[in-house]
Amino acid sequence: MTMLLELDHVTKRYPVGGLFSRQSITAVSDVSFALDAGRPEIFAIVGESGSGKSTMAKMVLGNEVPDGGRLVFDGVDIATIRGRDAREAFMAKVQPVFQNPFEAFNPLTPVDAYLFATAHRFCGANDQASKEGLTDRALQRVGLSLAEIKGRFSHELSGGQLQRVAVARALIPAPKLIVADEPVSMVDASLRMSIVNLFRALRDELKVSIIYITHDLATAYYISDRVIIMRSGEVVESGDARAVLDNPRNAYSIALKNAVLPPDPKAAAAAIRDRRILNRADAGAA
Amino acid sequence: MTLAMTNERSVAQAADVLTIKDLKAYYINDLFGVRREVRAVDDISLTVRRNEIYGIAGESSSGKTSLIKTIAGAIRPPMRVVGGEVRFDFGGKHIDVYAEPGKMKAARWQNLSYIMQGSMSVLNPVRRIKHAFNNFAFRHMGLDRTAFRARVESHLQRLGLDPNVLEAFPHQLSGGMRQRVTIALATVCEPEFIIADEPTTALDVLVQQDVLGLIKEVQERLGSSVVFVTHDMSVHAAITDRLAIMYAGRLAEEGPTQAMFDTPQHPYTAHLIASLPRIGDTATRKSLAGKPPSLANPPTGCRFHPRCPIAIDRCSREVPDMLPSAIGGRVACFRAGEVSVK
């Protein structure tokens with residue numbers, strides 16, 4: 001069994017404070033998991049803000065080097081990648097999709113320029129025809145076409161469309177792994193499902209593994225195969241997504257699950273009421 | 001004491017606090033003789049009752065922010081009110097926002113306040129939190145400095161915030177804490193009418209529940225009306241009493257929240273509710289085809305018809321009127337009630 005990605009006791013610390021009060025906070029502490037190369041899956045990393053899930057994404061993308069432990073992608077330790085060629089070969093296999101598509105694309109650059117640049121850089125497409133061919137094929141996969149996108153700027157597209165363009169851009173070099181950091185949190189509710197369904201289709205049809213980072217347990221339950229729940233840098237619970245989220249054992253996982261507002265007015269109002277009573281009890285105790 | 005006062009107030013005036021009639025507000029651009037109109041608020045009529053939370057749902061660029069800006073009288077060119085009226089009734093004091101703009105100034109903050117989405121852009125990053133209170137609320141309260149400070153501190157305490165936050169800078173507080181401070185700021189004058197624009201969108205799930213609980217608590221204590229805007233239907237389910245769905249600058253449906261979740265009448269409402277993911281259910285959720293229409297060049301007839309699964313010929317020709325619906329609300333659809341969520 002070969003591993004696509006293997007995290008072996010990974011730790012990341014960031015320094016805080018000034019020159020004389022050097023301290024460090026541990027953003028990610030001793031995290032291990034592995035993605036199987038033969039079986040593409042959607043792997044969800046769930047946690048609230050500050051739980052270290054975005055730091056995980058940065059390390060998998062090779063943008064941050066861990067302070068302890070190793071990240072091995074396709075048999076190569078990510079920290080040992082040196083030189084432009086090796087770096088680009090790695091980038092072609094691991095592609096990101098970011099949270100806010102309106103920030104990911106420069107508003108003064110037509111969005112197709114990003115797609116062409118990716119085709120040029122990772123697929124060696126030098127002439128316009130081959131760039132357009134690669135771009136159009138990737139856009140077709142996400143339910144768009146080059147004709148719709150060509151020459152458009154980010155403000156001319158809806159958030160959902162733009163996020164699909166971001167996914168299409170990530171697909172151009174035919175990656176093995178996509179790291180999606182909160183890909184739907186800035187997208188409208190009515191378009192959210194189109195992105196989430198797209199990830200499912202990519203896994204099933206293109207056999208791409210996806211690391212899906214989110215704080216929304218409801219979509220994580222909907223699409224992911226396995227899940228880890230993080231709190232202040234540590235994994236508090238992990239395993240099969242359905243099993244973990246149906247019966248969370250850890251107190252924090254239970255709190256996270258209860259924080260998901262049920263889509264029914266009576267139940268949701270009751271959840272808010274319970275939370276208020278709980279908070280009042282906490283305040284009284286303190 | 002506050003409670004007794006609140007009850008008195010809510011009993012004495014059971015009428016509507018806000019009435020909007022045939023409101024039209026367009027962004028009008030006149031560039032080199034080419035006139036371009038973006039109809040962000042197009043013929044909207046609604047009323048908000050006293051002591052209720054009224055939700056407005058809709059995707060981005062459906063005009064929901066334009067609508068609440070128009071309600072608050074906070075519009076700037078190129079946006080202009082083309083027709084219709086917005087009327088407030090604050091305890092017998094009538095204000096027609098666009099006929100008598102002078103009266104609005106006195107009502108702001110005292111009667112009407114606003115909770116913004118980006119708490120960081122409300123609070124000045126280089127001044128302490130107390131500065132924001134002095135800046136916004138002080139002159140509306142008519143108290144001297146010490147009494148004002150005491151009032152602010154007791155208000156913060158009632159909301160479960162440590163009065164020490166007044167001495168903090170915004171960057172020293174977490175996002176949820178900052179949002180709670182802006183709620184405290186918006187409610188310190190005990191206004192009758194509060195507008196909340198996506199107050200929980202940037203927060204994560206645990207904090208979101210606390211903030212929603214806080215808004216609900218403040219609303220119950222003050223007995224005020226809240227207009228709550230967000231695109232997240234599960235937030236509407238949790239907090240609102242009545243709900244309006246906006247699509248491309250118009251109202252699609254309005255009604256009691258519970259009834260709308262049980263039996264949505266408009267196909268767009270039905271879609272919004274059906275597409276919510278639930279824990280314990282992995283059935284595939286369909287997403288709507290097409291993209292939100294451009295308000296500069298909206299579709300003819302019913303604006304939802306290009307994406308509507310049950311559209312008929314008539315939908316592309318005629319604009320449906322807002323008519324009473326089967327669930328005690330109003331709906332603008334020729335085939336109202338023909339789709340179900342289940």
# chains A, B, ... in the order shown; residues from 1 in each chain; ligands from 1
>>> closest_atom_pairs(of="chain B", to="chain A", cutoff="8 Å", atoms="only C-alpha atoms", output="CSV")
residue,atom,partner,partner_atom,distance
B:Glu59,CA,A:Asp188,CA,5.7
B:Ser60,CA,A:Asp188,CA,6.7
B:Gly160,CA,A:Ala283,CA,7.4
B:Asp204,CA,A:Glu48,CA,6.0
B:Val205,CA,A:Ala259,CA,5.8
B:Leu206,CA,A:Ala259,CA,5.5
B:Gln209,CA,A:Ile272,CA,6.2
B:Asp210,CA,A:Arg275,CA,7.0
B:Leu212,CA,A:Ile272,CA,7.1
B:Gly213,CA,A:Ile272,CA,5.6
B:Leu214,CA,A:Arg276,CA,7.8
B:His231,CA,A:Ala189,CA,6.3
B:Asp232,CA,A:Ala189,CA,6.1
B:Met233,CA,A:Pro263,CA,7.3
B:Ser234,CA,A:Pro263,CA,4.9
B:Val235,CA,A:Leu261,CA,7.0
B:His236,CA,A:Pro265,CA,7.8
B:Ala237,CA,A:Pro265,CA,4.1
B:Ala238,CA,A:Ala268,CA,4.3
B:Ile239,CA,A:Ala269,CA,6.2
B:Thr257,CA,A:Pro265,CA,6.9
B:Gln258,CA,A:Pro265,CA,5.6
B:Phe261,CA,A:Asp264,CA,6.8
B:His271,CA,A:Ser190,CA,7.8
B:Leu272,CA,A:Ser190,CA,6.0
B:Ile273,CA,A:Pro263,CA,7.6
B:Ser275,CA,A:Met193,CA,6.8
B:Leu276,CA,A:Pro263,CA,6.8
B:Pro277,CA,A:Ala218,CA,5.5
B:Arg278,CA,A:Ala218,CA,5.5
B:Ile279,CA,A:Ala218,CA,5.3
B:Gly280,CA,A:Asp246,CA,6.6
B:Asp281,CA,A:Tyr222,CA,7.1
B:Thr282,CA,A:Tyr222,CA,5.1
B:Ala283,CA,A:Tyr222,CA,7.9
B:Thr284,CA,A:Asn197,CA,7.9
B:Arg285,CA,A:Met193,CA,6.8
B:Lys286,CA,A:Met193,CA,7.1
B:Ser287,CA,A:Ser194,CA,5.1
B:Leu288,CA,A:Ser190,CA,7.1
B:Lys291,CA,A:Ser158,CA,7.2
B:Pro292,CA,A:Ser158,CA,7.3
>>> write_last_selection(atoms="C-alpha atoms", output="compact mmCIF listing (two decimals), in the first residue's frame")
# COMPACT_ATOMS: atom_id res chain seq x y z
CA GLU B 59 -27.95 35.58 -1.98
CA SER B 60 -25.34 38.25 -2.55
CA GLY B 160 -22.12 39.18 29.91
CA ASP B 204 -17.27 30.28 13.40
CA VAL B 205 -20.02 27.97 14.57
CA LEU B 206 -19.53 28.04 18.35
CA GLN B 209 -24.49 30.55 18.53
CA ASP B 210 -23.39 32.82 21.36
CA LEU B 212 -27.29 34.79 18.06
CA GLY B 213 -28.25 34.06 21.65
CA LEU B 214 -27.10 37.53 22.64
CA HIS B 231 -28.01 34.41 3.46
CA ASP B 232 -27.74 31.51 5.88
CA MET B 233 -31.14 29.84 6.17
CA SER B 234 -30.25 27.90 9.31
CA VAL B 235 -29.57 31.18 11.11
CA HIS B 236 -33.00 32.39 10.03
CA ALA B 237 -34.50 29.17 11.34
CA ALA B 238 -32.88 29.76 14.72
CA ILE B 239 -33.76 33.36 15.36
CA THR B 257 -40.59 31.25 9.65
CA GLN B 258 -41.87 27.90 10.91
CA PHE B 261 -39.71 25.86 6.52
CA HIS B 271 -34.71 25.16 -3.03
CA LEU B 272 -32.98 27.18 -0.31
CA ILE B 273 -34.44 24.95 2.38
CA SER B 275 -30.24 22.43 -0.15
CA LEU B 276 -29.31 22.73 3.54
CA PRO B 277 -27.00 19.88 4.52
CA ARG B 278 -27.97 18.01 7.68
CA ILE B 279 -25.88 15.81 9.93
CA GLY B 280 -27.19 12.28 9.63
CA ASP B 281 -28.28 12.64 6.01
CA THR B 282 -25.98 12.16 3.04
CA ALA B 283 -28.58 12.15 0.28
CA THR B 284 -27.34 14.19 -2.67
CA ARG B 285 -28.47 17.80 -2.58
CA LYS B 286 -29.26 19.37 -5.90
CA SER B 287 -27.83 22.76 -6.68
CA LEU B 288 -29.65 25.33 -8.77
CA LYS B 291 -26.32 32.02 -11.94
CA PRO B 292 -27.92 34.89 -10.07
>>> residues_around(residues="A:Ala79", least_positions_apart="6", cutoff="10 Å", atoms="only C-alpha atoms", output="VMD selection string")
chain A and resid 59 62 to 66 70 to 72
>>> atom_distance(atom1="atom CA of A:Arg152", atom2="atom CA of B:Pro293")
16.2 Å
>>> select_by_dssp(residues="stretch 89-208 of chain B", states="alpha helix (DSSP H)", output="MDAnalysis selection string")
chainID B and resid 102:107 119:122 129:136 138:141 145:158 175:187 205:208
>>> residues_around(residues="stretch 126-132 of chain A", least_positions_apart="2", cutoff="12 Å", atoms="only C-alpha atoms", output="MDAnalysis selection string")
chainID A and resid 112:124 134:140 145:147 149:150 169 172:173
>>> write_last_selection(atoms="C-alpha atoms", output="mmCIF file, in the first residue's frame")
data_model
loop_
_atom_site.group_PDB
_atom_site.id
_atom_site.type_symbol
_atom_site.label_atom_id
_atom_site.label_comp_id
_atom_site.auth_asym_id
_atom_site.auth_seq_id
_atom_site.Cartn_x
_atom_site.Cartn_y
_atom_site.Cartn_z
ATOM 1 C CA ASP A 112 -8.494 33.542 -17.555
ATOM 2 C CA ALA A 113 -4.933 34.880 -17.199
ATOM 3 C CA TYR A 114 -4.539 32.753 -14.067
ATOM 4 C CA LEU A 115 -5.707 29.670 -15.934
ATOM 5 C CA PHE A 116 -3.372 30.304 -18.883
ATOM 6 C CA ALA A 117 -0.440 30.962 -16.550
ATOM 7 C CA THR A 118 -1.073 27.676 -14.759
ATOM 8 C CA ALA A 119 -1.280 25.798 -18.070
ATOM 9 C CA HIS A 120 1.943 27.419 -19.217
ATOM 10 C CA ARG A 121 3.849 26.788 -16.037
ATOM 11 C CA PHE A 122 2.845 23.258 -15.161
ATOM 12 C CA CYS A 123 1.862 21.713 -18.477
ATOM 13 C CA GLY A 124 4.424 23.382 -20.717
ATOM 14 C CA LEU A 134 -6.193 22.752 -21.430
ATOM 15 C CA THR A 135 -8.114 25.578 -19.798
ATOM 16 C CA ASP A 136 -11.354 24.775 -21.574
ATOM 17 C CA ARG A 137 -11.109 21.107 -20.610
ATOM 18 C CA ALA A 138 -10.632 21.990 -16.952
ATOM 19 C CA LEU A 139 -13.501 24.487 -17.072
ATOM 20 C CA GLN A 140 -15.811 21.914 -18.670
ATOM 21 C CA SER A 145 -16.574 26.872 -20.430
ATOM 22 C CA LEU A 146 -13.814 29.111 -21.669
ATOM 23 C CA ALA A 147 -16.303 31.112 -23.741
ATOM 24 C CA ILE A 149 -14.896 33.152 -18.716
ATOM 25 C CA LYS A 150 -12.678 34.639 -21.389
ATOM 26 C CA ARG A 169 -7.393 26.282 -12.197
ATOM 27 C CA ILE A 172 -5.222 22.039 -14.954
ATOM 28 C CA PRO A 173 -1.966 20.278 -13.967
#
>>> residues_around(residues="B:Pro163", least_positions_apart="2", cutoff="10 Å", atoms="only C-alpha atoms", output="PyMOL selection string")
chain B and resi 130+149-150+152-157+160-161+165-168
>>> write_last_selection(atoms="N, CA and C atoms", output="mmCIF file, in the first residue's frame")
data_model
loop_
_atom_site.group_PDB
_atom_site.id
_atom_site.type_symbol
_atom_site.label_atom_id
_atom_site.label_comp_id
_atom_site.auth_asym_id
_atom_site.auth_seq_id
_atom_site.Cartn_x
_atom_site.Cartn_y
_atom_site.Cartn_z
ATOM 1 N N LYS B 130 -13.672 52.214 24.434
ATOM 2 C CA LYS B 130 -14.506 53.244 25.074
ATOM 3 C C LYS B 130 -14.677 54.455 24.154
ATOM 4 N N ARG B 149 -20.663 56.631 31.586
ATOM 5 C CA ARG B 149 -19.729 55.520 31.783
ATOM 6 C C ARG B 149 -20.381 54.416 32.624
ATOM 7 N N ALA B 150 -21.072 54.820 33.682
ATOM 8 C CA ALA B 150 -21.723 53.834 34.553
ATOM 9 C C ALA B 150 -22.785 53.071 33.774
ATOM 10 N N VAL B 152 -22.889 52.545 30.507
ATOM 11 C CA VAL B 152 -22.249 51.653 29.549
ATOM 12 C C VAL B 152 -21.742 50.401 30.253
ATOM 13 N N GLU B 153 -21.131 50.606 31.427
ATOM 14 C CA GLU B 153 -20.583 49.453 32.154
ATOM 15 C C GLU B 153 -21.685 48.490 32.576
ATOM 16 N N SER B 154 -22.800 49.043 33.077
ATOM 17 C CA SER B 154 -23.869 48.137 33.517
ATOM 18 C C SER B 154 -24.487 47.436 32.306
ATOM 19 N N HIS B 155 -24.537 48.133 31.175
ATOM 20 C CA HIS B 155 -25.070 47.514 29.961
ATOM 21 C C HIS B 155 -24.181 46.351 29.510
ATOM 22 N N LEU B 156 -22.864 46.562 29.542
ATOM 23 C CA LEU B 156 -21.933 45.500 29.155
ATOM 24 C C LEU B 156 -22.076 44.310 30.077
ATOM 25 N N GLN B 157 -22.232 44.600 31.383
ATOM 26 C CA GLN B 157 -22.361 43.509 32.336
ATOM 27 C C GLN B 157 -23.615 42.685 32.063
ATOM 28 N N GLY B 160 -23.123 40.185 29.596
ATOM 29 C CA GLY B 160 -22.123 39.179 29.911
ATOM 30 C C GLY B 160 -20.723 39.547 29.460
ATOM 31 N N LEU B 161 -20.469 40.835 29.277
ATOM 32 C CA LEU B 161 -19.123 41.275 28.890
ATOM 33 C C LEU B 161 -18.470 41.959 30.087
ATOM 34 N N VAL B 165 -13.332 45.572 28.884
ATOM 35 C CA VAL B 165 -13.113 45.637 27.428
ATOM 36 C C VAL B 165 -13.081 47.079 26.959
ATOM 37 N N LEU B 166 -13.680 47.991 27.735
ATOM 38 C CA LEU B 166 -13.683 49.402 27.333
ATOM 39 C C LEU B 166 -12.272 49.948 27.182
ATOM 40 N N GLU B 167 -11.348 49.387 27.972
ATOM 41 C CA GLU B 167 -9.970 49.883 27.918
ATOM 42 C C GLU B 167 -9.128 49.144 26.878
ATOM 43 N N ALA B 168 -9.707 48.150 26.226
ATOM 44 C CA ALA B 168 -8.924 47.351 25.278
ATOM 45 C C ALA B 168 -8.940 47.976 23.889
#
>>> closest_residue(among="B:Thr240, B:Arg307, B:Leu46, B:Ala40", to="B:Met322", atoms="only C-alpha atoms")
B:Leu46
>>> closest_residue(among="A:Arg141, A:Val28, A:Leu202, A:Ala89", to="A:Gly69", atoms="only C-alpha atoms")
A:Val28
>>> residues_around(residues="B:Asp30", least_positions_apart="5", cutoff="12 Å", atoms="only C-alpha atoms", output="short mmCIF file (atom, residue, chain, number, x, y, z; two decimals) with C-alpha atoms, in the first residue's frame")
data_model
loop_
_atom_site.label_atom_id
_atom_site.label_comp_id
_atom_site.auth_asym_id
_atom_site.auth_seq_id
_atom_site.Cartn_x
_atom_site.Cartn_y
_atom_site.Cartn_z
CA ARG B 35 -27.89 55.91 -18.51
CA ARG B 36 -27.44 52.69 -16.64
CA GLU B 37 -29.88 51.64 -13.96
CA VAL B 38 -29.31 48.90 -11.44
CA PRO B 77 -25.42 58.68 -4.78
CA PRO B 78 -25.38 56.97 -7.23
CA MET B 79 -28.14 55.20 -5.34
#
>>> atom_distance(atom1="atom CA of A:Val46", atom2="atom CA of A:Glu234")
11.3 Å
